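Shown next: coords.pdb, containing PDB, C-alpha atoms.
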ATOM      1  CA  MET F   1     -13.258 -17.474  10.803
ATOM      2  CA  THR F   2     -16.721 -18.926  11.331
ATOM      3  CA  THR F   3     -16.670 -18.778  15.119
ATOM      4  CA  ALA F   4     -17.759 -15.132  15.206
ATOM      5  CA  SER F   5     -21.378 -15.697  15.981
ATOM      6  CA  VAL F   6     -22.351 -12.107  16.658
ATOM      7  CA  SER F   7     -22.831 -10.026  13.574
ATOM      8  CA  LEU F   8     -22.550  -6.259  13.524
ATOM      9  CA  GLY F   9     -25.544  -5.936  11.297
ATOM     10  CA  ALA F  10     -27.798  -8.537  12.844
ATOM     11  CA  SER F  11     -31.014  -6.630  12.366
ATOM     12  CA  VAL F  12     -30.265  -5.315   8.884
ATOM     13  CA  SER F  13     -31.759  -6.946   5.814
ATOM     14  CA  SER F  14     -29.232  -8.935   3.810
ATOM     15  CA  GLN F  15     -29.521  -6.750   0.740
ATOM     16  CA  SER F  16     -28.987  -3.539   2.655
ATOM     17  CA  ARG F  17     -26.149  -5.258   4.521
ATOM     18  CA  PHE F  18     -24.456  -6.171   1.257
ATOM     19  CA  MET F  19     -24.842  -2.642  -0.105
ATOM     20  CA  GLN F  20     -23.474  -1.005   3.022
ATOM     21  CA  LEU F  21     -20.451  -3.293   3.250
ATOM     22  CA  ALA F  22     -19.739  -2.894  -0.462
ATOM     23  CA  LEU F  23     -19.933   0.873   0.006
ATOM     24  CA  VAL F  24     -17.433   0.713   2.880
ATOM     25  CA  ALA F  25     -15.020  -1.390   0.823
ATOM     26  CA  LEU F  26     -15.293   1.022  -2.123
ATOM     27  CA  LEU F  27     -14.707   3.967   0.188
ATOM     28  CA  GLY F  28     -11.543   2.279   1.501
ATOM     29  CA  ILE F  29     -10.265   1.550  -1.993
ATOM     30  CA  PHE F  30     -10.954   5.155  -2.969
ATOM     31  CA  VAL F  31      -9.022   6.487   0.035
ATOM     32  CA  VAL F  32      -6.001   4.267  -0.628
ATOM     33  CA  GLY F  33      -6.193   5.058  -4.335
ATOM     34  CA  PHE F  34      -6.243   8.803  -3.780
ATOM     35  CA  VAL F  35      -3.353   8.958  -1.320
ATOM     36  CA  GLY F  36      -1.207   6.225  -2.804
ATOM     37  CA  PHE F  37      -1.946   6.256  -6.541
ATOM     38  CA  SER F  38      -2.871   9.823  -7.458
ATOM     39  CA  HIS F  39      -1.047  11.348 -10.426
ATOM     40  CA  ILE F  40      -1.420  14.853  -9.001
ATOM     41  CA  ASP F  41       2.121  16.109  -8.307
ATOM     42  CA  ALA F  42       1.300  17.782  -5.008
ATOM     43  CA  VAL F  43      -0.381  14.631  -3.655
ATOM     44  CA  HIS F  44       2.516  12.529  -4.895
ATOM     45  CA  ASN F  45       5.118  14.773  -3.285
ATOM     46  CA  ALA F  46       3.256  15.037  -0.004
ATOM     47  CA  ALA F  47       3.033  11.262   0.362
ATOM     48  CA  HIS F  48       6.333  10.517  -1.397
ATOM     49  CA  ASP F  49       8.109   8.682   1.441
ATOM     50  CA  TYR F  50       4.917   6.825   2.290
ATOM     51  CA  ARG F  51       4.434   5.611  -1.278
ATOM     52  CA  HIS F  52       7.980   4.289  -1.448
ATOM     53  CA  SER F  53       7.652   2.689   1.968
ATOM     54  CA  MET F  54       4.475   0.890   0.900
ATOM     55  CA  ALA F  55       6.021  -0.335  -2.358
ATOM     56  CA  PHE F  56       3.283   1.463  -4.295
ATOM     57  CA  PRO F  57       4.266   2.136  -7.906
ATOM     58  CA  CYS F  58       5.937   5.537  -7.816
ATOM     59  CA  HIS F  59       7.597   8.046 -10.179
TER
ATOM     60  CA  MET Z   1     -27.001   3.044   8.079
ATOM     61  CA  ASN Z   2     -26.000   1.789  11.543
ATOM     62  CA  LEU Z   3     -23.959  -1.026  10.093
ATOM     63  CA  PHE Z   4     -22.139   1.446   7.865
ATOM     64  CA  ARG Z   5     -21.468   3.707  10.838
ATOM     65  CA  ASN Z   6     -20.176   0.869  13.017
ATOM     66  CA  VAL Z   7     -17.897  -0.513  10.345
ATOM     67  CA  VAL Z   8     -16.453   2.937   9.636
ATOM     68  CA  PHE Z   9     -15.967   3.550  13.344
ATOM     69  CA  ILE Z  10     -14.090   0.273  13.887
ATOM     70  CA  ALA Z  11     -11.976   0.900  10.793
ATOM     71  CA  ALA Z  12     -11.144   4.430  11.910
ATOM     72  CA  ILE Z  13      -9.821   3.256  15.288
ATOM     73  CA  ALA Z  14      -7.873   0.328  13.828
ATOM     74  CA  GLY Z  15      -6.499   2.402  10.950
ATOM     75  CA  LEU Z  16      -5.415   5.159  13.311
ATOM     76  CA  VAL Z  17      -3.535   2.765  15.609
ATOM     77  CA  ALA Z  18      -1.931   0.731  12.819
ATOM     78  CA  GLY Z  19      -1.114   3.879  10.818
ATOM     79  CA  VAL Z  20       0.715   5.459  13.748
ATOM     80  CA  VAL Z  21       2.625   2.213  14.347
ATOM     81  CA  LEU Z  22       3.557   2.045  10.666
ATOM     82  CA  ALA Z  23       4.667   5.689  10.573
ATOM     83  CA  CYS Z  24       6.945   5.089  13.574
ATOM     84  CA  MET Z  25       8.448   1.984  11.959
ATOM     85  CA  GLN Z  26       8.967   3.831   8.670
ATOM     86  CA  ALA Z  27      10.751   6.687  10.408
ATOM     87  CA  PHE Z  28      13.406   4.248  11.596
ATOM     88  CA  ALA Z  29      13.407   1.541   8.928
ATOM     89  CA  THR Z  30      12.534   2.870   5.478
ATOM     90  CA  VAL Z  31      12.807   6.668   5.427
ATOM     91  CA  PRO Z  32      16.560   6.745   6.247
ATOM     92  CA  LEU Z  33      17.134   4.445   3.255
ATOM     93  CA  ILE Z  34      15.021   6.714   1.015
ATOM     94  CA  LEU Z  35      17.075   9.716   2.115
ATOM     95  CA  LYS Z  36      20.298   7.826   1.357
ATOM     96  CA  ALA Z  37      18.963   6.931  -2.074
ATOM     97  CA  GLU Z  38      18.125  10.581  -2.730
ATOM     98  CA  VAL Z  39      21.810  11.451  -2.305
ATOM     99  CA  TYR Z  40      22.614   9.017  -5.133
ATOM    100  CA  GLU Z  41      19.669  10.403  -7.086
ATOM    101  CA  GLN Z  42      20.927  13.974  -6.828
ATOM    102  CA  ALA Z  43      24.372  12.785  -7.886
ATOM    103  CA  GLY Z  44      22.899  10.866 -10.796
ATOM    104  CA  GLY Z  45      21.242  13.779 -12.568
ATOM    105  CA  GLY Z  46      18.173  14.588 -10.529
ATOM    106  CA  HIS Z  47      14.635  13.553 -10.060
ATOM    107  CA  HIS Z  48      12.609  13.107 -13.192
ATOM    108  CA  HIS Z  49       8.917  12.661 -12.878
ATOM    109  CA  ASP Z  50       7.696  12.352 -16.416
ATOM    110  CA  HIS Z  51       4.161  11.298 -15.641
ATOM    111  CA  ALA Z  52       2.628  13.080 -18.582
ATOM    112  CA  ALA Z  53       5.657  13.296 -20.847
ATOM    113  CA  PRO Z  54       5.745  11.217 -24.025
ATOM    114  CA  ALA Z  55       7.781   8.015 -24.001
ATOM    115  CA  ALA Z  56      10.535   9.470 -26.163
ATOM    116  CA  THR Z  57      11.579  12.100 -23.650
ATOM    117  CA  ASP Z  58      11.348   9.508 -20.937
ATOM    118  CA  THR Z  59      13.892   7.246 -22.588
ATOM    119  CA  ASN Z  60      16.079  10.250 -23.324
ATOM    120  CA  ALA Z  61      16.088  11.112 -19.682
ATOM    121  CA  MET Z  62      16.984   7.509 -18.878
ATOM    122  CA  THR Z  63      19.908   7.322 -21.261
ATOM    123  CA  THR Z  64      21.343  10.633 -20.173
ATOM    124  CA  ALA Z  65      20.870   9.817 -16.519
ATOM    125  CA  ALA Z  66      22.285   6.296 -16.671
ATOM    126  CA  PRO Z  67      25.915   7.012 -17.590
ATOM    127  CA  ALA Z  68      26.054   9.832 -15.096
ATOM    128  CA  GLY Z  69      24.794   7.431 -12.478
ATOM    129  CA  ASN Z  70      27.514   4.902 -13.196
ATOM    130  CA  VAL Z  71      30.236   7.469 -12.915
ATOM    131  CA  MET Z  72      28.792   8.922  -9.779
ATOM    132  CA  SER Z  73      27.887   5.752  -7.967
ATOM    133  CA  SER Z  74      30.942   5.823  -5.741
ATOM    134  CA  ALA Z  75      31.685   9.536  -5.785
ATOM    135  CA  ALA Z  76      30.259  12.548  -4.033
ATOM    136  CA  PRO Z  77      27.556  14.626  -5.770
ATOM    137  CA  ALA Z  78      29.008  16.624  -8.648
ATOM    138  CA  PRO Z  79      27.771  20.207  -8.905
ATOM    139  CA  ALA Z  80      27.717  20.037 -12.708
ATOM    140  CA  GLN Z  81      24.973  17.423 -12.740
ATOM    141  CA  ALA Z  82      23.118  18.524  -9.655
ATOM    142  CA  ALA Z  83      19.453  18.454 -10.568
ATOM    143  CA  VAL Z  84      19.216  21.197 -13.150
ATOM    144  CA  PRO Z  85      15.679  20.621 -14.440
ATOM    145  CA  ALA Z  86      14.446  18.806 -11.354
ATOM    146  CA  ALA Z  87      12.899  21.576  -9.321
ATOM    147  CA  GLU Z  88      10.814  23.299 -11.944
ATOM    148  CA  ASP Z  89       8.305  20.697 -13.160
ATOM    149  CA  GLU Z  90       7.503  18.832  -9.960
ATOM    150  CA  GLY Z  91       4.982  21.181  -8.404
ATOM    151  CA  TRP Z  92       4.606  21.795  -4.720
ATOM    152  CA  ALA Z  93       6.580  19.598  -2.333
ATOM    153  CA  PRO Z  94       6.802  19.640   1.455
ATOM    154  CA  ALA Z  95       9.915  21.105   3.065
ATOM    155  CA  ASP Z  96      12.364  18.508   4.344
ATOM    156  CA  GLY Z  97      12.226  17.802   8.025
ATOM    157  CA  PHE Z  98       9.087  18.224  10.080
ATOM    158  CA  GLU Z  99       6.678  19.083   7.242
ATOM    159  CA  ARG Z 100       7.730  16.069   5.187
ATOM    160  CA  PHE Z 101       7.571  13.763   8.221
ATOM    161  CA  ALA Z 102       4.188  15.103   9.321
ATOM    162  CA  LEU Z 103       2.677  14.536   5.871
ATOM    163  CA  SER Z 104       4.026  10.981   5.862
ATOM    164  CA  VAL Z 105       2.307  10.381   9.184
ATOM    165  CA  VAL Z 106      -0.949  11.784   7.779
ATOM    166  CA  ALA Z 107      -0.644   9.586   4.684
ATOM    167  CA  ASN Z 108      -0.024   6.556   6.888
ATOM    168  CA  ILE Z 109      -3.065   7.199   9.048
ATOM    169  CA  VAL Z 110      -5.403   8.043   6.180
ATOM    170  CA  THR Z 111      -4.466   4.976   4.147
ATOM    171  CA  GLY Z 112      -4.373   2.892   7.323
ATOM    172  CA  ILE Z 113      -8.051   3.767   7.712
ATOM    173  CA  GLY Z 114      -8.570   3.039   4.001
ATOM    174  CA  PHE Z 115      -7.066  -0.440   4.309
ATOM    175  CA  ALA Z 116      -9.025  -0.970   7.522
ATOM    176  CA  LEU Z 117     -12.294  -0.085   5.732
ATOM    177  CA  VAL Z 118     -11.559  -2.736   3.116
ATOM    178  CA  LEU Z 119     -10.499  -5.288   5.722
ATOM    179  CA  VAL Z 120     -13.521  -4.786   7.985
ATOM    180  CA  ALA Z 121     -16.000  -4.743   5.090
ATOM    181  CA  VAL Z 122     -14.634  -7.918   3.507
ATOM    182  CA  SER Z 123     -14.355  -9.733   6.826
ATOM    183  CA  GLU Z 124     -17.945  -8.820   7.717
ATOM    184  CA  PHE Z 125     -19.086 -10.694   4.617
ATOM    185  CA  ALA Z 126     -17.362 -13.736   6.089
ATOM    186  CA  GLY Z 127     -18.891 -13.349   9.527
ATOM    187  CA  GLY Z 128     -16.604 -10.726  11.009
ATOM    188  CA  ILE Z 129     -13.325 -10.743  12.920
ATOM    189  CA  GLY Z 130     -14.284 -12.049  16.348
ATOM    190  CA  ASN Z 131     -11.078 -11.566  18.335
ATOM    191  CA  TRP Z 132      -7.458 -10.515  18.009
ATOM    192  CA  ARG Z 133      -6.267 -13.972  16.936
ATOM    193  CA  GLN Z 134      -8.687 -14.122  14.005
ATOM    194  CA  GLY Z 135      -7.557 -10.589  13.281
ATOM    195  CA  VAL Z 136      -3.955 -11.755  13.001
ATOM    196  CA  PHE Z 137      -4.959 -14.298  10.352
ATOM    197  CA  TRP Z 138      -6.949 -11.671   8.455
ATOM    198  CA  GLY Z 139      -3.927  -9.416   8.744
ATOM    199  CA  LEU Z 140      -1.724 -12.107   7.228
ATOM    200  CA  ALA Z 141      -4.162 -12.341   4.324
ATOM    201  CA  GLY Z 142      -4.058  -8.568   3.880
ATOM    202  CA  PHE Z 143      -0.264  -8.661   3.883
ATOM    203  CA  ALA Z 144      -0.253 -11.401   1.251
ATOM    204  CA  VAL Z 145      -2.753  -9.529  -0.924
ATOM    205  CA  PHE Z 146      -1.441  -5.971  -0.661
ATOM    206  CA  THR Z 147       2.291  -6.424  -0.043
ATOM    207  CA  LEU Z 148       3.590  -9.882  -0.938
ATOM    208  CA  ALA Z 149       1.822 -10.540  -4.220
ATOM    209  CA  PRO Z 150       2.332  -7.135  -5.904
ATOM    210  CA  GLY Z 151       5.814  -6.924  -4.355
ATOM    211  CA  LEU Z 152       6.933 -10.067  -6.179
ATOM    212  CA  GLY Z 153       6.481  -8.469  -9.571
ATOM    213  CA  LEU Z 154       7.114  -4.870  -8.549
ATOM    214  CA  PRO Z 155       9.613  -4.935  -5.676
ATOM    215  CA  PRO Z 156       9.735  -1.839  -3.464
ATOM    216  CA  GLU Z 157      11.716   0.827  -5.312
ATOM    217  CA  LEU Z 158      13.962   3.547  -4.032
ATOM    218  CA  PRO Z 159      14.112   6.973  -5.690
ATOM    219  CA  ALA Z 160      16.324   6.953  -8.826
ATOM    220  CA  MET Z 161      15.473   3.354  -9.655
ATOM    221  CA  PRO Z 162      14.298   2.762 -13.219
ATOM    222  CA  ALA Z 163      10.686   1.671 -13.678
ATOM    223  CA  ALA Z 164       8.167   1.124 -16.444
ATOM    224  CA  ASP Z 165       5.259   3.447 -17.202
ATOM    225  CA  LEU Z 166       3.510   4.476 -13.971
ATOM    226  CA  THR Z 167      -0.069   3.841 -15.122
ATOM    227  CA  GLN Z 168       0.740   0.378 -16.442
ATOM    228  CA  ARG Z 169       2.419  -0.548 -13.166
ATOM    229  CA  GLN Z 170      -0.536   0.748 -11.191
ATOM    230  CA  ILE Z 171      -2.938  -1.301 -13.315
ATOM    231  CA  TRP Z 172      -0.816  -4.419 -12.805
ATOM    232  CA  TRP Z 173      -0.639  -3.674  -9.070
ATOM    233  CA  TRP Z 174      -4.408  -3.444  -8.640
ATOM    234  CA  ALA Z 175      -5.085  -6.441 -10.901
ATOM    235  CA  THR Z 176      -2.645  -8.524  -8.863
ATOM    236  CA  VAL Z 177      -4.273  -7.415  -5.620
ATOM    237  CA  ALA Z 178      -7.724  -8.316  -6.950
ATOM    238  CA  ALA Z 179      -6.662 -11.709  -8.317
ATOM    239  CA  THR Z 180      -4.784 -12.654  -5.141
ATOM    240  CA  ALA Z 181      -7.668 -11.575  -2.924
ATOM    241  CA  ALA Z 182     -10.148 -13.564  -5.015
ATOM    242  CA  GLY Z 183      -7.856 -16.601  -4.953
ATOM    243  CA  LEU Z 184      -7.338 -16.517  -1.186
ATOM    244  CA  GLY Z 185     -11.078 -16.010  -0.687
ATOM    245  CA  LEU Z 186     -11.894 -19.072  -2.789
ATOM    246  CA  ILE Z 187      -9.391 -21.201  -0.860
ATOM    247  CA  ALA Z 188     -10.571 -19.997   2.541
ATOM    248  CA  PHE Z 189     -14.345 -19.975   2.081
ATOM    249  CA  ARG Z 190     -15.200 -22.507  -0.652
ATOM    250  CA  LYS Z 191     -14.652 -26.152   0.192
ATOM    251  CA  SER Z 192     -14.280 -27.357  -3.356
ATOM    252  CA  LEU Z 193     -11.239 -28.781  -5.097
ATOM    253  CA  PRO Z 194     -11.975 -27.314  -8.564
ATOM    254  CA  LEU Z 195     -12.431 -23.881  -6.995
ATOM    255  CA  ALA Z 196      -9.191 -24.307  -5.068
ATOM    256  CA  ILE Z 197      -7.413 -25.093  -8.339
ATOM    257  CA  LEU Z 198      -9.016 -22.038  -9.913
ATOM    258  CA  ALA Z 199      -7.800 -20.048  -6.903
ATOM    259  CA  VAL Z 200      -4.202 -21.136  -7.432
ATOM    260  CA  LEU Z 201      -4.494 -20.181 -11.106
ATOM    261  CA  LEU Z 202      -5.835 -16.755 -10.119
ATOM    262  CA  ILE Z 203      -2.961 -16.189  -7.714
ATOM    263  CA  VAL Z 204      -0.339 -17.322 -10.229
ATOM    264  CA  ALA Z 205      -1.795 -15.605 -13.308
ATOM    265  CA  PRO Z 206      -0.527 -12.038 -12.720
ATOM    266  CA  HIS Z 207       3.013 -13.379 -12.385
ATOM    267  CA  ILE Z 208       2.738 -15.330 -15.627
ATOM    268  CA  VAL Z 209       1.534 -12.163 -17.356
ATOM    269  CA  GLY Z 210       4.391 -10.395 -15.605
ATOM    270  CA  ALA Z 211       4.729  -6.906 -14.203
ATOM    271  CA  PRO Z 212       5.670  -4.051 -16.550
ATOM    272  CA  GLN Z 213       9.461  -3.809 -16.604
ATOM    273  CA  PRO Z 214      11.714  -0.847 -17.429
ATOM    274  CA  ASP Z 215      13.819  -0.796 -20.616
ATOM    275  CA  SER Z 216      17.011  -0.687 -18.621
ATOM    276  CA  PHE Z 217      17.819  -1.652 -15.069
ATOM    277  CA  GLU Z 218      20.781   0.677 -14.732
ATOM    278  CA  THR Z 219      20.672   2.688 -11.562
ATOM    279  CA  PRO Z 220      23.057   4.604  -9.330
ATOM    280  CA  ILE Z 221      21.483   2.887  -6.294
ATOM    281  CA  PRO Z 222      23.778   0.183  -4.826
ATOM    282  CA  GLU Z 223      22.200  -3.265  -4.756
ATOM    283  CA  GLY Z 224      22.849  -3.666  -1.040
ATOM    284  CA  LEU Z 225      20.876  -0.517  -0.251
ATOM    285  CA  HIS Z 226      17.962  -1.716  -2.378
ATOM    286  CA  HIS Z 227      17.980  -5.135  -0.738
ATOM    287  CA  GLN Z 228      17.902  -3.525   2.699
ATOM    288  CA  PHE Z 229      14.954  -1.436   1.552
ATOM    289  CA  VAL Z 230      12.987  -4.430   0.236
ATOM    290  CA  VAL Z 231      13.415  -6.205   3.581
ATOM    291  CA  ALA Z 232      12.479  -3.072   5.553
ATOM    292  CA  VAL Z 233       9.331  -2.438   3.490
ATOM    293  CA  THR Z 234       8.179  -6.052   3.656
ATOM    294  CA  VAL Z 235       8.705  -6.429   7.400
ATOM    295  CA  THR Z 236       7.138  -3.063   8.316
ATOM    296  CA  ASN Z 237       4.105  -3.890   6.193
ATOM    297  CA  LEU Z 238       3.796  -7.315   7.812
ATOM    298  CA  VAL Z 239       3.695  -5.720  11.267
ATOM    299  CA  PHE Z 240       1.236  -3.077  10.026
ATOM    300  CA  TRP Z 241      -1.202  -5.722   8.779
ATOM    301  CA  LEU Z 242      -0.914  -7.876  11.901
ATOM    302  CA  VAL Z 243      -1.581  -4.848  14.114
ATOM    303  CA  LEU Z 244      -4.454  -3.715  11.890
ATOM    304  CA  GLY Z 245      -6.154  -7.120  11.974
ATOM    305  CA  ALA Z 246      -5.624  -7.594  15.701
ATOM    306  CA  VAL Z 247      -6.967  -4.140  16.591
ATOM    307  CA  VAL Z 248     -10.041  -4.705  14.419
ATOM    308  CA  GLY Z 249     -10.637  -7.957  16.313
ATOM    309  CA  VAL Z 250     -10.311  -6.286  19.707
ATOM    310  CA  VAL Z 251     -12.440  -3.220  18.885
ATOM    311  CA  ARG Z 252     -15.136  -5.254  17.169
ATOM    312  CA  GLY Z 253     -15.184  -7.623  20.149
ATOM    313  CA  ARG Z 254     -15.870  -4.647  22.409
ATOM    314  CA  PHE Z 255     -18.765  -3.642  20.171
ATOM    315  CA  THR Z 256     -20.457  -6.994  20.042
ATOM    316  CA  GLY Z 257     -19.301  -8.568  23.300
ATOM    317  CA  THR Z 258     -19.437  -6.195  26.224
ATOM    318  CA  ALA Z 259     -22.872  -4.658  26.026
ATOM    319  CA  THR Z 260     -25.406  -7.074  24.642
ATOM    320  CA  SER Z 261     -28.193  -4.623  25.317
ATOM    321  CA  LEU Z 262     -26.439  -2.087  23.138
ATOM    322  CA  ARG Z 263     -26.199  -4.483  20.256
ATOM    323  CA  ASP Z 264     -29.372  -3.316  18.597
ATOM    324  CA  SER Z 265     -28.429   0.306  18.773
ATOM    325  CA  PHE Z 266     -25.089  -0.594  17.283
ATOM    326  CA  ALA Z 267     -26.475  -3.066  14.794
TER
END
Using C-alpha cells, write down the structure from this file.
Amino acid sequence: MTTASVSLGASVSSQSRFMQLALVALLGIFVVGFVGFSHIDAVHNAAHDYRHSMAFPCH
Amino acid sequence: MNLFRNVVFIAAIAGLVAGVVLACMQAFATVPLILKAEVYEQAGGGHHHDHAAPAATDTNAMTTAAPAGNVMSSAAPAPAQAAVPAAEDEGWAPADGFERFALSVVANIVTGIGFALVLVAVSEFAGGIGNWRQGVFWGLAGFAVFTLAPGLGLPPELPAMPAADLTQRQIWWWATVAATAAGLGLIAFRKSLPLAILAVLLIVAPHIVGAPQPDSFETPIPEGLHHQFVVAVTVTNLVFWLVLGAVVGVVRGRFTGTATSLRDSFA
C-alpha cells in the first residue's frame, strides 16, 4: 500500500487534508446510514430488497 | 477544497460502477430468493414491522406467527391467515415490479458511492490506492469489515426470519464494523507485535460479546433457502467490494498518473 507515491492532496496542508478526508468519510457513513439503517418506513420499504441483500439488520 | 472535490469525484465514479454491478448481481442472485421467502412470509401470517411497538406486542406477534408458520411451511398460502394487519401500518411501499427494482438500483448506487467515499477517504490516509491491484486488496479489507465480520454474528436474513430488536442489532453491526476496521488497520499499518495482538482482540471482541439474538428461532423459511441466501449475499458483496476497490485504483491512477501538469489543479 505504500507504493503510491503520488498523493491527491500534495499541496494541501496536513491539517486541512485530515479534515477534508475525515469529512468525506463521515459523509459516506451518513449516506450508507440513511439508506441502509433508517427507521423511516418509506425509506425502509424503498430499499427493502437492497437491505436484505446487503445483510443489513432489517425488520 | 480541491482534495475534497477529487475524492468525492473518484468515489462517485467507483460507487456508480460497483453499485450497478451489484444491482445486476442482486437481480439474479438474491432478489429471487427474497421473493420466494415472501411467499412463505405471506403464508405465515404476514409482515410485521414493529419498529416502534413495545416488546410485549412484538413477542405476541412472534408467538402467534410461529405456529402458523410451522403448519404452513409445506403448504400453499392459506387465505385465512393472509396478512390481515400487514398492509395498514407499514407506510408507503413501492409497487412490485419495475418501481421496486428501480428503487433497489438507486439504493445500490447511492450506498455504493457512500461505501466508496469511506474507502477512498480511509485509503488516502494510508497513501492512496495506486492501481487496480492495490484496489483489490483494499476491496478485500472492505468486504471483511462490512460483510464478513458483521455477517458472522448477524447472518443475512430473509423476510419472515425472527430477529432481535432492530436498534440493538444496528448498534452491534456498526460496533463490529468499527472494531474490525480498527483491528485490520493496526495489523496493516503498525509494525508492532503488541499492537497486532490488540488488533486481534479488537476483531474478536464483538463476537465474544455476541450479536443480539431473537427469543425464538422458529421460522417458516426452509433452512436450504436461507443457506442459499447467505451464500448469494456473501459472494455478491465480495464481488462488489473487489470491483469498488479496483475501479478506485484505476480512476485515481488516471487522476494522478496521466497528466502531471494537471496535478496541482487537481490537488
Closest pair table for chain Z residues within 7 Å of chain F, all atoms listed in the file, as a tab-separated table:
residue	atom	partner	partner_atom	distance
Z:Leu3	CA	F:Gly9	CA	5.3
Z:Phe4	CA	F:Gln20	CA	5.6
Z:Gln26	CA	F:Ser53	CA	6.9
Z:Thr30	CA	F:Ser53	CA	6.0
Z:Val31	CA	F:Asp49	CA	6.5
Z:His49	CA	F:His59	CA	5.5
Z:Glu90	CA	F:Asp41	CA	6.3
Z:Gly91	CA	F:Asp41	CA	5.8
Z:Trp92	CA	F:Ala42	CA	5.2
Z:Ala93	CA	F:Asn45	CA	5.1
Z:Pro94	CA	F:Ala46	CA	6.0
Z:Arg100	CA	F:Ala46	CA	6.9
Z:Leu103	CA	F:Ala46	CA	5.9
Z:Ser104	CA	F:Tyr50	CA	5.6
Z:Ala107	CA	F:Ala47	CA	5.9
Z:Asn108	CA	F:Tyr50	CA	6.8
Z:Thr111	CA	F:Val32	CA	5.1
Z:Gly114	CA	F:Gly28	CA	4.0
Z:Phe115	CA	F:Gly28	CA	5.9
Z:Leu117	CA	F:Gly28	CA	4.9
Z:Val118	CA	F:Ala25	CA	4.4
Z:Ala121	CA	F:Leu21	CA	5.0
Z:Gly127	CA	F:Ala4	CA	6.1
Z:Gly128	CA	F:Ala4	CA	6.2
Z:Ile129	CA	F:Ala4	CA	6.6
Z:Gly130	CA	F:Ala4	CA	4.8
Z:Gln134	CA	F:Met1	CA	6.5
Z:Gly151	CA	F:Ala55	CA	6.9
Z:Pro155	CA	F:Ala55	CA	6.7
Z:Pro156	CA	F:Ala55	CA	4.2
Z:Glu157	CA	F:His52	CA	6.4
Z:Leu158	CA	F:His52	CA	6.6
Z:Leu166	CA	F:Pro57	CA	6.5
Z:Arg169	CA	F:Pro57	CA	6.2
Z:Gln170	CA	F:Pro57	CA	6.0
Z:Val233	CA	F:Ser53	CA	5.6
Z:Thr256	CA	F:Val6	CA	6.4
Z:Ala267	CA	F:Gly9	CA	4.6
Given the PyMOL selection byres ((chain Z and resi 17) around 12), the residues it picks as a PyMOL selection string: chain Z and resi 10-16+18-24+105+108-113+116+239-248+251
d(CA of Leu154 (chain Z), CA of Val136 (chain Z)) in Å: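 Taking CA of Leu154 (chain Z) as the start and CA of Val136 (chain Z) as the end point, the length is 25.2 Å.
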Residue members of the PyMOL selection byres ((chain Z and resi 181) around 12) in the file shown, as a ChimeraX atom specification: /Z:118-119,122-123,138,140-150,174-180,182-189,199-200,202-204
Å distance separating CA of His227 (chain Z) from CA of Phe137 (chain Z), one decimal place: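 About the pair CA of His227 (chain Z) and CA of Phe137 (chain Z): they are 27.1 Å apart.
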Length of the CA of Pro32 (chain Z) to CA of Ile171 (chain Z) vector [Å]: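 Result for CA of Pro32 (chain Z) versus CA of Ile171 (chain Z): 28.8 Å, one decimal.
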Set up a box along x, y and z of the file covering all listed atoms of region 28-39 of chain Z, add 3 Å on every one of the six sides, and write the centre and edge lengths in Å to one decimal, as JSON.
{"center_x": 17.2, "center_y": 6.5, "center_z": 4.4, "size_x": 15.3, "size_y": 15.9, "size_z": 20.3}
Long-range neighbours of Asp165 (chain Z) as a list of chain:residue names, 9 Å cut-off, all atoms listed in the file, 2 positions minimum in chain: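 Skipping anything fewer than 2 positions along the chain leaves F:His59, Z:His51, Z:Ala55, Z:Ala163, Z:Thr167, Z:Gln168, Z:Arg169, Z:Gln170, Z:Pro212, Z:Gln213, Z:Pro214.
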Convert the current residue selection to file output with C-alpha atoms, as a PDB file, in the coordinates of the input.
ATOM      1  CA  HIS F  59       7.597   8.046 -10.179  1.00  0.00           C
TER       2      HIS F  59
ATOM      3  CA  HIS Z  51       4.161  11.298 -15.641  1.00  0.00           C
ATOM      4  CA  ALA Z  55       7.781   8.015 -24.001  1.00  0.00           C
ATOM      5  CA  ALA Z 163      10.686   1.671 -13.678  1.00  0.00           C
ATOM      6  CA  THR Z 167      -0.069   3.841 -15.122  1.00  0.00           C
ATOM      7  CA  GLN Z 168       0.740   0.378 -16.442  1.00  0.00           C
ATOM      8  CA  ARG Z 169       2.419  -0.548 -13.166  1.00  0.00           C
ATOM      9  CA  GLN Z 170      -0.536   0.748 -11.191  1.00  0.00           C
ATOM     10  CA  PRO Z 212       5.670  -4.051 -16.550  1.00  0.00           C
ATOM     11  CA  GLN Z 213       9.461  -3.809 -16.604  1.00  0.00           C
ATOM     12  CA  PRO Z 214      11.714  -0.847 -17.429  1.00  0.00           C
TER      13      PRO Z 214
END
Selected residue of minimal separation from Gln15 (chain F) among Z:Val120, Z:Phe125, Z:Ala160, Z:Glu41, counting only C-alpha atoms: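 Answer, going by the shortest atom-to-atom distance: Z:Phe125.
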